[in-house]
Structure formats: structure tokens, C-alpha cells
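Trainee: Here you go, one structure.
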Amino acid sequence: MQFRALKGMNDLLPGETERWQRLEAAFRRTMELHGYGEVRTPVLEPLELFVRSTGETSEIVEKQMFELERGGERLALRPEGTPGAARAFIGANQHAREPVTRWYYIGPMFRAEQPQRGRYRQFHQAGCELYGDAGPIVDAEMIGMLVEFLSGLGLEKLDVAVNSLGGPTTRTRYREALLAYLEPRSSQLSEHAQRRLRDNPLRILDSKDPRDRAVVADAPSILDVLEGDDRAHFEGLCRALEALGIPYRVDPGLVRGLDYYTRTLFEIQSTQGELGSQNTLVGGGRYDGMLKSLGGPDLPAIGFALGIERLLLALGDTQVPRPRRCFIAPVGERAMLEGLTLARDLRRSGVIVELDARGGSLKSLLRRASNLGSTICLVLGDAELDRGVVQVKELERHTQADVPRDQVVEHVRAALENGAER
RNA sequence: GUGGCUGUAGCUCAGUGGUAGAGCACUGGAUUGUGGCUCCAGGUGUCGCGGGUUCGAUCCCCGUCAGUCACCCCA
């Protein structure tokens with residue numbers, strides 16, 4: 001009986017995890033630079049939390065959650081990070097500690113979907129939550145932060161789309177206007193869209209079905225019914241984006257699948273790299289009513305989530321250079337113990353060391369040192385032990401020299417630092 | 001959840017109704033302690049798994065699992 005990883009869940013092995021680490025480090029740097037602190041919340045939450053925040057009618061809650069039961073309580077693996085963070089925010093009475101809170105997170109999310117390129121059942125998101133600022137400036141700042149981050153990684157073909165759903169009242173009004181337009185034309189819509197008419201008509205706006213697109217093309221735009229503060233907020237966002245010089249596209253058809261969004265909605269896509277049809281890198285928006293609906297303070301909030309797997313696909317197969325390292329080749333019994341202590345001493349001064357203690361001929365040890373890409377190989381045999389020295393071979397430079405044992409650490413460090421750039 | 005395609009060595013893939021190959025990688029060796037090139041040798045395998053047809057299936061059929069692409073949805 002052999003076990004395999006579950007469908008849509010992947011093992012990440014050394015060789016691949018380096019790219020993840022580099023990306024995560026870059027993300028952390030960006031977030032810290034903007035005053036965000038890392039929050040870590042459980043992967044398992046009460047199922048009801050997602051029903052109440054992500055939304056009963058959302059596809060995610062309806063059929064994509066991994067659910068389990070424990071002691072009569074219904075639990076779910078988190079399908080996204082925002083609800084858990086909101087729960088933590090409320091539970092910690094965070095709003096009483098500071099007027100504005102900026103949190104970021106990185107971690108696995110779970111959705112029971114059919115996997116395909118750029119979409120897995122366990123996937124990873126990096127995201128943030130900003131609580132306590134209702135103005136459009138922070139919206140633009142957040143989008144700007146993302147653009148800086150992504151272009152800093154080398155992504156060029158970014159498509160930034162923004163939209164506004166307005167507040168609850170304009171949303172309801174728009175919904176009615178949309179229904180008034182769509183219902184007489186329902187026969188021209190796809191079966192899917194016809195079902196949507198009842199539960200979530202706004203979702204018809206981003207249908208890919210050509211029939212729906214044709215109908216939707218002349219539908220009333222939500223931007224036309226935006227009024228008062230909602231309109232001022234959206235215009236403020238656009239002005240701020242222009243001030244930052246961020247190219248963006250207003251897309252009235254942009255409707256994300258989470259129920260809690262209000263006002264600002266945004267999405268960043270990339271046409272670069274090996275992304276398939278799953279080319280949305282980042283999705284985000286404002287959810288001003290969520291904290292209150294979860295029993296917390298009536299505070300505005302905005303956030304985004306970025307798909308790490310997708311970002312890695314977009315970035316392509318860039319190799320992360322391996323740090324320079326040292327290989328120790330002990331020849332013979334006596335040399336083994338000397339190799340072991342030498343390795344320890346080198347590591348104490350920060351040198352990456354691989355000790356091959358399997359024995360074998362010097363030839364095979366050297367071959368192995370080469371294949372591992374070691375910069376330096378230390379040869380230890382009877383001849384060296386007798387003279388109290390170590391043979392230091394610089395593999396790339398094809399040089400070798402005997403160095404007294406008590407000078408080896410310093411010698412190796414200097415040699416590794418010298419040609420640091422490869 | 002739906003549909004198309006795929007599933008052979010660690011990797012990339014050939015292949016035939018009669019019980020398996022190449023390249024790369026890996027390991028060892030080429031006069032006793034000197035690598036990356038060359039040469040030689042060698043593991044490399046339940047031919048995804050389970051049934052069925054057949055004298056006999058890796059090859060044909062069915063199911064299943066996994067991957068992949070698309071839909072749906074989303075990061």
C-alpha cells in the first residue's frame with residue numbers, strides 16, 4: 001500500500017521551496033515597509049464563521065469547503081483568510097488598541113474544487129487586512145503597494161481593474177435596475193445565468209458565456225447609479241490612482257464571488273508566464289460591514305489576497321542561485337572524526353558545510369563535491385592528519401593548498417567571500 | 001461538479017497481443033589519494049491500480065485513481 005498526496009494537494013521539495021522562500025521574504029519586506037504586522041490564525045475555524053462572512057450564497061461556502069465535525073461542532077478548513085483575521089481582530093479587541101490596524105498573513109487555504117493549472121485544493125495566499133480607515137486613499141495605497149511589489153519581482157504585463165459596488169443601498173438599487181433589464185431578456189441568457197437571476201444577479205456580469213456577454217454589454221452600469229458618498233469614494237480612488245501614476249482600467253463588470261464586498265473592488269491579472277485560464281493574481285476589495293456583522297465594532301475594512309502558486313507561475317522558472325558552500329571529503333577512518341569537528345567549526349562561523357561520511361574513494365568524493373556545486377572541497381586524509389593540515393581545494397578555480405588546521409576556518413571564509421558573485 | 005486528453009526507469013519519452021527499451025540523471029571503475037570532459041560497467045520498472053476479453057495483455061474493453069486542459073468558480 002502506497003500513499004499519495006490527496007488530489008489537488010502537493011508536496012514541495014527542496015529545489016522548489018527556495019523560490020517560495022524568496023517570494024515570501026519579498027512579500028514580508030513590502031508589507032513591513034508599509035507598516036503591516038503579521039497575523040497567524042488557525043487553519044481550522046467554525047464553519048459558521050465562513051457562512052456568515054464569505055456568504056451563504058457564495059460558491060465557496062456552498063460547495064467548496066472541506067468540512068469536518070468534532071464533538072458536535074461543525075468545522076471547516078479555511079477557504080480564505082479574511083474571516084479568520086476578522087474573528088481574531090474582534091476577539092482581541094484590536095479596535096480599542098489603535099485606531100487603524102494593518103495586518104498581513106501568508107498561509108495555506110483549502111477549497112474542494114477541480115484542480116487545474118494555477119488552482120489547487122490546498123493553495124497558498126498572501127494577503128492583508130486594513131481596519132479602521134474608510135477613505136479611498138488607503139484603497140489606492142494598497143493597490144499601489146501591490147503594483148510596486150509585483151513589478152519589483154519583475155512582472156511587467158499587469159492589468160489592474162477596479163470597480164465599485166457601492167454601499168448596501170446603491171447595491172440594492174442597482175440590483176433592481178439590473179433585474180429590470182435582464183428579466184425580459186432571460187431567454188437569451190445561458191442556463192447558468194438564468195439560475196443566477198434569482199440568487200445573485202450581479203454575478204451574471206462577469207460570465208464568460210458569449211450569450212451572456214452579448215446581453216450584458218448593454219446592461220446598465222453600476223457606476224451610473226453610484227451616488228453621494230459612494231460616488232465620491234470611487235472618484236477619490238481614481239484620482240489617487242492617477243496621482244500615483246498607476247495604469248488602471250475601470251471595469252463595471254468586475255464582480256467578485258465573495259458576498260461581503262462593498263464599494264471598492266479590484267483585481268490584478270497577468271498575461272505573463274505559464275498561467276492558464278487562471279490568470280487572476282490578486283483579488284481584493286472593501287468590506288465595510290463585515291466586522292459588525294460578525295458581532296464586532298462597526299469599522300470599515302479593506303484587504304486583498306494574492307495567489308502564491310499563480311504568482312510563481314507568472315514569474316516562470318527563475319532559478320534561485322544556491323549559496324556558496326563547502327564540502328568535506330574525509331578519506332579513511334581517522335579522518336571521519338576530524339571531518340566532523342571541522343564541519344562543526346565551519347558552521348559555527350556561518351559556512352554552509354556538507355560532510356560526506358560514507359567513505360569511498362577520494363575520486364568519488366570529489367565527483368560528489370563537484371556535482372553538488374560546492375565552491376570549496378576540504379580533503380582530509382592520513383597525509384593531512386599527520387602534518388596537521390587540511391587540503392583546501394577551490395573547485396572552480398582549480399587551485400589547492402595545504403592550510404594548517406587552526407587556520408582553515410578563516411581561510412575558507414575568506415575564499416568563499418572572495419568570489420561571492422557567480 | 002461536467003467534458004476532452006494523458007498515465008512505461010528518478011526525469012524526458014519510444015515501443016509491441018507473447019511476459020521491456022533510449023537519452024539524461026544516479027552509482028562504481030579506468031595501476032594503489034585528486035572533480036567537472038571522455039570511456040567502460042551497473043540497479044534501474046508491480047509497464048498508475050482493479051477487473052474483463054484472450055492460450056497469453058504493457059498494448060484491446062470497462063471501472064477506478066492521479067495528472068492535465070477547458071467549463072464552473074476563484075487566488
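Each chain of the C-alpha cells is named A, B, ... in the order shown, its residues numbered from 1; ligands are numbered from 1 in display order.
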Give me the residues within 12 Å of G43 (chain B) as a list of chain:residue names, counting only C-alpha atoms (C1' of nucleotides) and dropping any in the same chain fewer than 5 places off.
Mentor: B:A9, B:C26, B:U27, B:G28
Trainee: Name the residues in contact with Gly55 (chain A) at a cut-off of 8 Å, using only C-alpha atoms (C1' of nucleotides), excluding same-chain residues fewer than 5 positions from it; report them as a PyMOL selection string.
Mentor: chain A and resi 50+61+258-260
Trainee: For the strand (DSSP E or B) assignment from backbone DSSP, which residues of region 195-369 of chain A qualify? Please present them as a PyMOL selection string.
Mentor: chain A and resi 249-250+262-270+280-286+301-307+326-330+353-355
Trainee: Up to 7 Å from chain A, what residues of chain B turn up? Count only C-alpha atoms (C1' of nucleotides) and give them as a PyMOL selection string.
Mentor: chain B and resi 33-36+73+75
Trainee: Could you check how far CA of Pro201 (chain A) sits from CA of Glu67 (chain A), in Å to one decimal?
Mentor: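 Going from CA of Pro201 (chain A) over to CA of Glu67 (chain A) covers 27.5 Å.
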Trainee: Would you kindly return, as number ranges by chain, each protein, DNA or RNA residue with an atom no farther than 9 Å from any atom of region 39-43 of chain A, considering only C-alpha atoms (C1' of nucleotides) and excluding same-chain residues fewer than 4 positions away?
Mentor: A: 76-78, 81, 84-85, 88, 103-110
Trainee: What lies within 12 Å of Ser221 (chain A) using only C-alpha atoms (C1' of nucleotides), ignoring chain neighbours under 6 positions off, as a list in words?
Mentor: Asn163, Ser164, Leu165, Gly166, Thr170, Arg171, Arg173, Tyr174, Arg175, Ala177, Leu178, Tyr181, Leu202, Leu205, Val250, Asp251, Pro252, Gly253, Leu254 and Val255 of chain A
Trainee: Would you mind exporting C-alpha atoms of the selected residues as a PDB file, in the first residue's frame?
Mentor:
```pdb
ATOM      1  CA  ASN A 163     -14.876  48.802  -9.813  1.00  0.00           C
ATOM      2  CA  SER A 164     -17.264  49.920  -7.117  1.00  0.00           C
ATOM      3  CA  LEU A 165     -20.238  48.063  -5.785  1.00  0.00           C
ATOM      4  CA  GLY A 166     -21.388  50.998  -3.694  1.00  0.00           C
ATOM      5  CA  THR A 170     -26.939  51.584  -4.011  1.00  0.00           C
ATOM      6  CA  ARG A 171     -26.236  47.917  -4.353  1.00  0.00           C
ATOM      7  CA  ARG A 173     -30.988  49.777  -6.127  1.00  0.00           C
ATOM      8  CA  TYR A 174     -28.627  48.575  -8.813  1.00  0.00           C
ATOM      9  CA  ARG A 175     -29.709  45.018  -8.356  1.00  0.00           C
ATOM     10  CA  ALA A 177     -32.225  48.031 -12.150  1.00  0.00           C
ATOM     11  CA  LEU A 178     -30.215  45.099 -13.413  1.00  0.00           C
ATOM     12  CA  TYR A 181     -33.102  44.898 -17.631  1.00  0.00           C
ATOM     13  CA  LEU A 202     -24.622  40.623 -10.195  1.00  0.00           C
ATOM     14  CA  LEU A 205     -21.932  40.496 -15.196  1.00  0.00           C
ATOM     15  CA  VAL A 250     -12.444  50.718 -14.755  1.00  0.00           C
ATOM     16  CA  ASP A 251     -14.394  47.516 -15.239  1.00  0.00           C
ATOM     17  CA  PRO A 252     -18.071  47.759 -14.323  1.00  0.00           C
ATOM     18  CA  GLY A 253     -18.356  44.032 -14.910  1.00  0.00           C
ATOM     19  CA  LEU A 254     -15.885  43.219 -12.185  1.00  0.00           C
ATOM     20  CA  VAL A 255     -17.862  41.347  -9.548  1.00  0.00           C
TER      21      VAL A 255
END
```
Trainee: Name all residues at most 9 Å from Gln319 (chain A) (count only C-alpha atoms (C1' of nucleotides); drop same-chain ones fewer than 2 positions away) and give them as a PDB file with all heavy atoms, in the first residue's frame.
Mentor:
```pdb
ATOM      1  N   GLY A  15      14.604  22.646  -3.688  1.00  0.00           N
ATOM      2  CA  GLY A  15      14.787  22.838  -5.122  1.00  0.00           C
ATOM      3  C   GLY A  15      13.636  23.696  -5.608  1.00  0.00           C
ATOM      4  O   GLY A  15      13.775  24.514  -6.523  1.00  0.00           O
ATOM      5  N   GLU A  18      12.879  26.948  -2.399  1.00  0.00           N
ATOM      6  CA  GLU A  18      13.707  28.147  -2.397  1.00  0.00           C
ATOM      7  C   GLU A  18      12.976  29.311  -3.056  1.00  0.00           C
ATOM      8  O   GLU A  18      13.062  30.457  -2.596  1.00  0.00           O
ATOM      9  CB  GLU A  18      15.034  27.891  -3.127  1.00  0.00           C
ATOM     10  CG  GLU A  18      16.023  27.018  -2.368  1.00  0.00           C
ATOM     11  CD  GLU A  18      15.729  25.530  -2.509  1.00  0.00           C
ATOM     12  OE1 GLU A  18      14.700  25.179  -3.134  1.00  0.00           O
ATOM     13  OE2 GLU A  18      16.519  24.710  -1.993  1.00  0.00           O
ATOM     14  N   ARG A  19      12.271  29.021  -4.119  1.00  0.00           N
ATOM     15  CA  ARG A  19      11.535  30.086  -4.803  1.00  0.00           C
ATOM     16  C   ARG A  19      10.424  30.624  -3.907  1.00  0.00           C
ATOM     17  O   ARG A  19      10.118  31.803  -3.917  1.00  0.00           O
ATOM     18  CB  ARG A  19      10.930  29.560  -6.105  1.00  0.00           C
ATOM     19  CG  ARG A  19      11.963  29.070  -7.105  1.00  0.00           C
ATOM     20  CD  ARG A  19      11.293  28.512  -8.342  1.00  0.00           C
ATOM     21  NE  ARG A  19      10.547  29.526  -9.072  1.00  0.00           N
ATOM     22  CZ  ARG A  19       9.379  29.326  -9.676  1.00  0.00           C
ATOM     23  NH1 ARG A  19       8.828  28.140  -9.636  1.00  0.00           N
ATOM     24  NH2 ARG A  19       8.788  30.295 -10.318  1.00  0.00           N
ATOM     25  N   ASP A 317      10.318  29.970 -14.462  1.00  0.00           N
ATOM     26  CA  ASP A 317      11.273  29.096 -13.795  1.00  0.00           C
ATOM     27  C   ASP A 317      12.594  29.764 -13.452  1.00  0.00           C
ATOM     28  O   ASP A 317      13.652  29.238 -13.755  1.00  0.00           O
ATOM     29  CB  ASP A 317      11.559  27.864 -14.654  1.00  0.00           C
ATOM     30  CG  ASP A 317      10.527  26.788 -14.402  1.00  0.00           C
ATOM     31  OD1 ASP A 317      10.059  26.711 -13.261  1.00  0.00           O
ATOM     32  OD2 ASP A 317      10.210  26.052 -15.342  1.00  0.00           O
ATOM     33  N   PRO A 321      19.846  31.160  -7.140  1.00  0.00           N
ATOM     34  CA  PRO A 321      21.224  30.682  -7.014  1.00  0.00           C
ATOM     35  C   PRO A 321      21.473  30.094  -5.638  1.00  0.00           C
ATOM     36  O   PRO A 321      21.012  30.632  -4.637  1.00  0.00           O
ATOM     37  CB  PRO A 321      22.065  31.943  -7.236  1.00  0.00           C
ATOM     38  CG  PRO A 321      21.141  33.085  -7.038  1.00  0.00           C
ATOM     39  CD  PRO A 321      19.756  32.609  -7.308  1.00  0.00           C
ATOM     40  N   ARG A 322      22.169  28.967  -5.617  1.00  0.00           N
ATOM     41  CA  ARG A 322      22.461  28.347  -4.326  1.00  0.00           C
ATOM     42  C   ARG A 322      23.595  29.108  -3.665  1.00  0.00           C
ATOM     43  O   ARG A 322      24.554  29.497  -4.321  1.00  0.00           O
ATOM     44  CB  ARG A 322      22.884  26.892  -4.526  1.00  0.00           C
ATOM     45  CG  ARG A 322      21.796  26.012  -5.066  1.00  0.00           C
ATOM     46  CD  ARG A 322      22.318  24.590  -5.190  1.00  0.00           C
ATOM     47  NE  ARG A 322      22.305  23.901  -3.902  1.00  0.00           N
ATOM     48  CZ  ARG A 322      23.076  22.872  -3.619  1.00  0.00           C
ATOM     49  NH1 ARG A 322      23.964  22.454  -4.484  1.00  0.00           N
ATOM     50  NH2 ARG A 322      22.975  22.268  -2.462  1.00  0.00           N
TER      51      ARG A 322
END
```
Trainee: For G18 (chain B), please output as a list in words all residues within 12 Å (counting only C-alpha atoms (C1' of nucleotides); exclusion window: fewer than 4 positions along the same chain).
Mentor: U54, C55, G56, A57, U58 and C59 of chain B
